[in-house]
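Everything below belongs to query04.csv, which stores CSV, C-alpha atoms.
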```
chain,number,residue,atom,x,y,z
A,1,MET,CA,-24.1,73.8,5.4
A,2,ILE,CA,-20.6,73.5,6.8
A,3,TYR,CA,-17.5,74.9,5.0
A,4,ILE,CA,-14.2,73.6,6.2
A,5,ILE,CA,-11.5,76.0,5.2
A,6,MET,CA,-8.4,74.0,4.7
A,7,GLY,CA,-4.7,74.2,3.6
A,8,VAL,CA,-1.2,74.5,5.0
A,9,SER,CA,-0.4,76.9,7.8
A,10,GLY,CA,-0.1,80.5,6.6
A,11,CYS,CA,-2.3,80.1,3.5
A,12,GLY,CA,-5.0,82.4,5.0
A,13,LYS,CA,-7.6,80.1,6.6
A,14,SER,CA,-8.2,82.3,9.6
A,15,THR,CA,-8.3,85.5,7.5
A,16,LEU,CA,-10.8,84.1,4.9
A,17,GLY,CA,-12.8,82.5,7.8
A,18,ALA,CA,-13.1,85.8,9.7
A,19,PHE,CA,-14.1,87.6,6.5
A,20,LEU,CA,-16.7,85.0,5.5
A,21,SER,CA,-18.1,84.8,9.1
A,22,GLU,CA,-18.6,88.6,9.1
A,23,LYS,CA,-20.1,88.6,5.6
A,24,LEU,CA,-22.4,85.6,5.9
A,25,GLY,CA,-23.2,85.8,9.6
A,26,TRP,CA,-22.0,82.3,10.2
A,27,PRO,CA,-20.0,81.2,13.2
A,28,LEU,CA,-16.3,80.5,12.7
A,29,HIS,CA,-14.7,77.6,14.6
A,30,GLU,CA,-11.0,78.3,14.5
A,31,GLY,CA,-9.2,74.9,14.5
A,32,ASP,CA,-6.1,76.3,16.3
A,33,ASN,CA,-8.3,76.9,19.4
A,34,PHE,CA,-9.0,73.1,19.7
A,35,HIS,CA,-5.4,71.9,19.7
A,36,PRO,CA,-4.3,70.3,23.0
A,37,GLN,CA,-1.6,72.3,24.9
A,38,GLY,CA,1.0,69.6,24.1
A,39,ASN,CA,0.5,70.1,20.3
A,40,ILE,CA,0.9,73.9,20.7
A,41,GLU,CA,4.1,73.5,22.7
A,42,LYS,CA,5.4,71.0,20.1
A,43,MET,CA,4.8,73.3,17.2
A,44,ALA,CA,6.2,76.3,19.2
A,45,ARG,CA,9.4,74.3,19.5
A,46,GLY,CA,9.5,73.8,15.8
A,47,GLU,CA,8.5,70.1,15.9
A,48,PRO,CA,6.0,68.8,13.3
A,49,LEU,CA,2.9,67.1,14.6
A,50,THR,CA,2.4,63.4,13.9
A,51,ASP,CA,-0.8,61.6,13.0
A,52,GLN,CA,-1.1,60.5,16.6
A,53,ASP,CA,-0.7,64.2,17.8
A,54,ARG,CA,-3.5,65.2,15.4
A,55,LEU,CA,-6.1,62.5,16.2
A,56,PRO,CA,-7.6,64.0,19.4
A,57,TRP,CA,-7.7,67.4,17.7
A,58,LEU,CA,-9.4,66.1,14.6
A,59,LEU,CA,-12.0,64.2,16.7
A,60,LYS,CA,-12.8,67.4,18.7
A,61,LEU,CA,-13.4,69.2,15.4
A,62,HIS,CA,-15.6,66.4,14.2
A,63,GLU,CA,-17.7,66.9,17.3
A,64,VAL,CA,-18.0,70.6,16.6
A,65,ILE,CA,-19.1,69.8,13.0
A,66,GLU,CA,-21.6,67.2,14.1
A,67,ARG,CA,-23.1,69.6,16.7
A,68,GLU,CA,-23.5,72.3,13.9
A,69,ARG,CA,-25.0,69.7,11.5
A,70,ALA,CA,-27.4,68.3,14.2
A,71,SER,CA,-28.7,71.8,14.8
A,72,CYS,CA,-29.1,72.4,11.1
A,73,SER,CA,-26.8,75.4,11.4
A,74,ASP,CA,-24.5,76.9,8.8
A,75,ALA,CA,-20.9,77.2,10.0
A,76,LEU,CA,-17.3,77.7,9.1
A,77,VAL,CA,-14.4,75.6,10.4
A,78,ALA,CA,-10.8,76.5,9.8
A,79,CYS,CA,-8.6,73.4,9.9
A,80,SER,CA,-5.5,72.4,7.9
A,81,ALA,CA,-7.1,69.0,7.0
A,82,LEU,CA,-3.9,68.1,5.1
A,83,LYS,CA,-4.5,64.4,4.5
A,84,ARG,CA,-7.5,62.6,3.1
A,85,LEU,CA,-7.7,60.5,6.3
A,86,TYR,CA,-7.9,63.8,8.3
A,87,ARG,CA,-10.8,65.0,6.1
A,88,GLN,CA,-12.5,61.6,6.6
A,89,ILE,CA,-12.1,62.0,10.4
A,90,LEU,CA,-13.6,65.5,10.3
A,91,LEU,CA,-16.6,64.0,8.4
A,92,PHE,CA,-17.0,60.6,10.1
A,93,GLY,CA,-15.1,60.7,13.4
A,94,SER,CA,-13.8,57.4,14.7
A,95,LYS,CA,-15.6,55.5,12.0
A,96,ALA,CA,-12.9,56.8,9.6
A,97,LEU,CA,-10.2,55.4,11.8
A,98,ALA,CA,-11.9,52.0,11.9
A,99,SER,CA,-12.5,52.0,8.2
A,100,SER,CA,-8.9,52.9,7.4
A,101,SER,CA,-7.4,50.1,9.6
A,102,ASP,CA,-9.9,47.3,8.9
A,103,PRO,CA,-10.2,46.0,5.3
A,104,ASP,CA,-13.5,44.3,6.2
A,105,GLN,CA,-15.1,47.6,7.4
A,106,ASP,CA,-17.5,49.3,5.1
A,107,VAL,CA,-15.8,51.9,2.9
A,108,LEU,CA,-16.9,55.4,3.8
A,109,PRO,CA,-18.1,57.8,1.1
A,110,PRO,CA,-15.6,60.5,0.1
A,111,SER,CA,-17.8,63.3,1.1
A,112,SER,CA,-20.9,64.4,2.9
A,113,PRO,CA,-23.7,66.3,1.0
A,114,ASP,CA,-23.8,69.2,3.5
A,115,VAL,CA,-20.0,69.7,4.1
A,116,PHE,CA,-17.7,71.3,1.6
A,117,PHE,CA,-13.9,71.9,1.7
A,118,LEU,CA,-12.5,75.3,0.7
A,119,PHE,CA,-9.0,74.3,-0.3
A,120,LEU,CA,-6.7,77.4,-0.1
A,121,HIS,CA,-3.7,76.5,-2.2
A,122,GLY,CA,-0.6,78.5,-3.2
A,123,ASP,CA,3.0,78.2,-3.8
A,124,TYR,CA,5.6,77.5,-1.1
A,125,ASP,CA,7.5,80.7,-1.4
A,126,LEU,CA,4.5,83.0,-1.1
A,127,ILE,CA,3.2,81.1,1.9
A,128,GLN,CA,6.7,81.1,3.5
A,129,GLN,CA,6.9,84.9,3.1
A,130,ARG,CA,3.5,85.3,4.8
A,131,MET,CA,4.6,83.0,7.7
A,132,VAL,CA,7.8,84.9,8.3
A,133,ALA,CA,5.9,88.2,8.3
A,134,ARG,CA,3.2,87.2,10.7
A,135,ARG,CA,3.5,87.8,14.5
A,136,GLY,CA,2.1,86.1,17.5
A,137,HIS,CA,1.4,82.6,16.1
A,138,TYR,CA,3.0,79.5,17.7
A,139,MET,CA,3.4,77.7,14.3
A,140,LYS,CA,7.0,78.2,13.3
A,141,ALA,CA,7.7,79.1,9.6
A,142,GLU,CA,10.2,76.3,9.4
A,143,LEU,CA,7.4,73.8,9.8
A,144,LEU,CA,5.8,74.8,6.5
A,145,ARG,CA,7.9,72.3,4.5
A,146,SER,CA,6.6,69.4,6.7
A,147,GLN,CA,3.0,70.5,5.9
A,148,PHE,CA,3.7,70.6,2.2
A,149,ASP,CA,5.3,67.2,2.5
A,150,VAL,CA,2.2,65.6,4.0
A,151,LEU,CA,-0.4,67.6,2.0
A,152,GLU,CA,-2.7,65.4,0.0
A,153,PRO,CA,-4.8,67.9,-2.1
A,154,PRO,CA,-8.5,67.0,-2.0
A,155,SER,CA,-10.0,65.4,-5.1
A,156,ASP,CA,-13.2,66.6,-6.8
A,157,GLU,CA,-15.2,63.7,-5.2
A,158,GLU,CA,-14.5,65.3,-1.8
A,159,ASN,CA,-16.8,68.3,-2.3
A,160,VAL,CA,-14.0,70.7,-2.7
A,161,LEU,CA,-13.9,74.3,-4.0
A,162,PRO,CA,-10.2,75.1,-4.7
A,163,LEU,CA,-9.2,78.8,-4.1
A,164,ASP,CA,-5.9,80.2,-5.3
A,165,ILE,CA,-4.5,82.4,-2.5
A,166,ARG,CA,-2.9,84.8,-5.0
A,167,ARG,CA,-6.5,86.2,-5.3
A,168,GLY,CA,-7.6,88.7,-2.6
A,169,VAL,CA,-9.8,87.6,0.3
A,170,ALA,CA,-12.8,89.5,-1.1
A,171,ASP,CA,-12.4,87.7,-4.5
A,172,MET,CA,-12.2,84.3,-2.8
A,173,ALA,CA,-15.2,85.2,-0.6
A,174,MET,CA,-17.2,86.2,-3.7
A,175,GLU,CA,-16.4,82.8,-5.2
A,176,VAL,CA,-17.7,81.1,-2.0
A,177,GLU,CA,-20.9,83.1,-2.2
A,178,LYS,CA,-21.4,82.1,-5.8
A,179,HIS,CA,-20.9,78.5,-4.7
A,180,ILE,CA,-23.5,78.8,-2.0
A,181,ILE,CA,-26.0,80.3,-4.5
A,182,SER,CA,-25.4,77.5,-7.0
A,183,LEU,CA,-26.0,74.9,-4.3
A,184,MET,CA,-29.2,76.6,-3.1
A,185,SER,CA,-30.5,76.7,-6.7
A,186,SER,CA,-29.7,73.2,-7.7
A,187,PRO,CA,-32.1,70.4,-6.7
A,188,MET,CA,-31.1,68.0,-4.0
A,189,PRO,CA,-30.5,64.4,-5.1
```
Can the structure from this file be put into structure tokens for me?
Amino acid sequence: MIYIIMGVSGCGKSTLGAFLSEKLGWPLHEGDNFHPQGNIEKMARGEPLTDQDRLPWLLKLHEVIERERASCSDALVACSALKRLYRQILLFGSKALASSSDPDQDVLPPSSPDVFFLFLHGDYDLIQQRMVARRGHYMKAELLRSQFDVLEPPSDEENVLPLDIRRGVADMAMEVEKHIISLMSSPMP
């Protein structure tokens, strides 16, 4: 099973990911580590990334997810996954790009049975405060508005577990553990 921890910058993806990785013993693939240097430099200058900037990054993360799935491993991936198209790329790679640009192409399913999104959501002011307080990250706090502007919250059909960031990390992790238990106890279709 793969959990993709998603949400805008500063919502706590890395913090929850590290906590869950320790608690569950699953590897955490930190999305920030897969950005090309050009993306990092652009964000450090306070420039928002475009879809074109994000494509190579999302395709790399798709490869990581596919590698974990192929080995039947459980894993965590922290990635903003702000738009539905980005989530489709994480699940289906370049097939998602072909499907989105060609109306004759088969429509991809909204989810994959062994991949779930943990959507960390919260209010702008709270996340802005967190970003201003954090040190040593290249993502500038002034870019937060651009992330909220492009955010397309996932729908229920996308295998999503919404988590309110006003709750503590331990509470959110407990909710994820309950989710895992419920999945293990329900029969596969």
Item checked: Selected residue of minimal separation from Met1 of chain A among A:Lys13, A:Arg69, A:His179, A:His121, counting all atoms listed in the file -> A:Arg69
At a cut-off of 9 Å, using all atoms listed in the file, what residues contact segment 19-33 of chain A? Leave out same-chain residues fewer than 5 positions from it and give the result as a CSV table (one decimal) with C-alpha atoms, in the coordinates of the input.
```csv
chain,number,residue,atom,x,y,z
A,13,LYS,CA,-7.6,80.1,6.6
A,14,SER,CA,-8.2,82.3,9.6
A,40,ILE,CA,0.9,73.9,20.7
A,57,TRP,CA,-7.7,67.4,17.7
A,58,LEU,CA,-9.4,66.1,14.6
A,61,LEU,CA,-13.4,69.2,15.4
A,64,VAL,CA,-18.0,70.6,16.6
A,73,SER,CA,-26.8,75.4,11.4
A,74,ASP,CA,-24.5,76.9,8.8
A,75,ALA,CA,-20.9,77.2,10.0
A,76,LEU,CA,-17.3,77.7,9.1
A,77,VAL,CA,-14.4,75.6,10.4
A,78,ALA,CA,-10.8,76.5,9.8
A,79,CYS,CA,-8.6,73.4,9.9
A,80,SER,CA,-5.5,72.4,7.9
A,169,VAL,CA,-9.8,87.6,0.3
A,170,ALA,CA,-12.8,89.5,-1.1
A,173,ALA,CA,-15.2,85.2,-0.6
A,176,VAL,CA,-17.7,81.1,-2.0
A,177,GLU,CA,-20.9,83.1,-2.2
```
Next item on the list: Kindly indicate which residue among A:Val107, A:Met174, A:Met184, A:Leu90 lies nearest to Leu55 of chain A, using all atoms listed in the file for the distances.
Entry: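 Once distances to Leu55 of chain A are computed over all atoms listed in the file, the minimum belongs to A:Leu90.
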Check: Quick one: distance from atom CA of Gln37 of chain A to atom CA of Glu66 of chain A in Å, one decimal?
Finding: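 For atom CA of Gln37 of chain A relative to atom CA of Glu66 of chain A, the distance reads 23.3 Å.
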Next item on the list: For atom CA of Phe34 of chain A and atom CA of Lys60 of chain A, quote the distance in Å rounded to one decimal.
Entry: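 Interatomic distance, atom CA of Phe34 of chain A to atom CA of Lys60 of chain A: 6.9 Å.
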Residues within 12 Å of (-21.3, 55.8, 2.2), file coords, only C-alpha atoms, listed as a JSON list (two decimals) with C-alpha atoms, in the coordinates of the input:
```json
[["chain", "number", "residue", "atom", "x", "y", "z"],
["A", 88, "GLN", "CA", -12.50, 61.60, 6.60],
["A", 91, "LEU", "CA", -16.60, 64.00, 8.40],
["A", 92, "PHE", "CA", -17.00, 60.60, 10.10],
["A", 95, "LYS", "CA", -15.60, 55.50, 12.00],
["A", 96, "ALA", "CA", -12.90, 56.80, 9.60],
["A", 99, "SER", "CA", -12.50, 52.00, 8.20],
["A", 105, "GLN", "CA", -15.10, 47.60, 7.40],
["A", 106, "ASP", "CA", -17.50, 49.30, 5.10],
["A", 107, "VAL", "CA", -15.80, 51.90, 2.90],
["A", 108, "LEU", "CA", -16.90, 55.40, 3.80],
["A", 109, "PRO", "CA", -18.10, 57.80, 1.10],
["A", 110, "PRO", "CA", -15.60, 60.50, 0.10],
["A", 111, "SER", "CA", -17.80, 63.30, 1.10],
["A", 112, "SER", "CA", -20.90, 64.40, 2.90],
["A", 113, "PRO", "CA", -23.70, 66.30, 1.00]]
```
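With distances restricted to only C-alpha atoms, A:Tyr3 is the closest residue to Ile65 of chain A from A:Lys178, A:Tyr3, A:Gly12, A:Leu97.
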Check: Which polymer residues have any atom within 9 Å of an atom of segment 145-159 of chain A, counting all atoms listed in the file, with same-chain residues fewer than 4 positions away left out, as number ranges by chain?
Finding: A: 7-9, 48, 80-84, 87, 109-113, 115-119, 121, 124, 128, 141
Checklist line | Pick from A:Ala98, A:Met172, A:Val132, A:Leu144 nearest to Leu49 of chain A, counting only C-alpha atoms | finding: A:Leu144
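For the atom pair formed by atom CA of Ala70 of chain A and atom CA of Leu183 of chain A, the distance is 19.7 Å, given to one decimal.
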Checklist line | Closest of A:Glu47, A:Ile89, A:Ile4, A:Gly10 to Gly122 of chain A - atom-to-atom distances counting only C-alpha atoms | finding: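 Closest candidate: A:Gly10.
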Next item on the list: Could you tell me which of A:Asp53, A:Arg167, A:Cys72, A:Leu120 comes closest to Gly17 of chain A if we count all atoms listed in the file?
Entry: A:Leu120
Given the block above, output segment 13-37 of chain A with C-alpha atoms as a PDB file, in the first residue's frame.
```
ATOM      1  CA  LYS A  13       3.590  16.660   4.936  1.00  0.00           C
ATOM      2  CA  SER A  14       7.198  15.998   5.940  1.00  0.00           C
ATOM      3  CA  THR A  15       6.430  16.048   9.658  1.00  0.00           C
ATOM      4  CA  LEU A  16       3.537  13.590   9.351  1.00  0.00           C
ATOM      5  CA  GLY A  17       5.530  11.490   6.885  1.00  0.00           C
ATOM      6  CA  ALA A  18       8.500  11.179   9.237  1.00  0.00           C
ATOM      7  CA  PHE A  19       6.196  10.325  12.159  1.00  0.00           C
ATOM      8  CA  LEU A  20       4.327   7.657  10.160  1.00  0.00           C
ATOM      9  CA  SER A  21       7.561   6.257   8.722  1.00  0.00           C
ATOM     10  CA  GLU A  22       8.931   5.782  12.231  1.00  0.00           C
ATOM     11  CA  LYS A  23       5.674   4.363  13.606  1.00  0.00           C
ATOM     12  CA  LEU A  24       4.855   2.004  10.713  1.00  0.00           C
ATOM     13  CA  GLY A  25       8.389   1.143   9.635  1.00  0.00           C
ATOM     14  CA  TRP A  26       7.593   2.209   6.063  1.00  0.00           C
ATOM     15  CA  PRO A  27      10.081   4.141   3.909  1.00  0.00           C
ATOM     16  CA  LEU A  28       9.317   7.818   3.297  1.00  0.00           C
ATOM     17  CA  HIS A  29      10.099   9.301  -0.102  1.00  0.00           C
ATOM     18  CA  GLU A  30      10.277  13.062   0.411  1.00  0.00           C
ATOM     19  CA  GLY A  31       9.031  14.760  -2.760  1.00  0.00           C
ATOM     20  CA  ASP A  32      11.219  17.828  -2.219  1.00  0.00           C
ATOM     21  CA  ASN A  33      14.289  15.625  -2.761  1.00  0.00           C
ATOM     22  CA  PHE A  34      13.178  14.808  -6.314  1.00  0.00           C
ATOM     23  CA  HIS A  35      12.843  18.379  -7.626  1.00  0.00           C
ATOM     24  CA  PRO A  36      15.299  19.330 -10.372  1.00  0.00           C
ATOM     25  CA  GLN A  37      17.762  22.021  -9.288  1.00  0.00           C
TER      26      GLN A  37
END
```
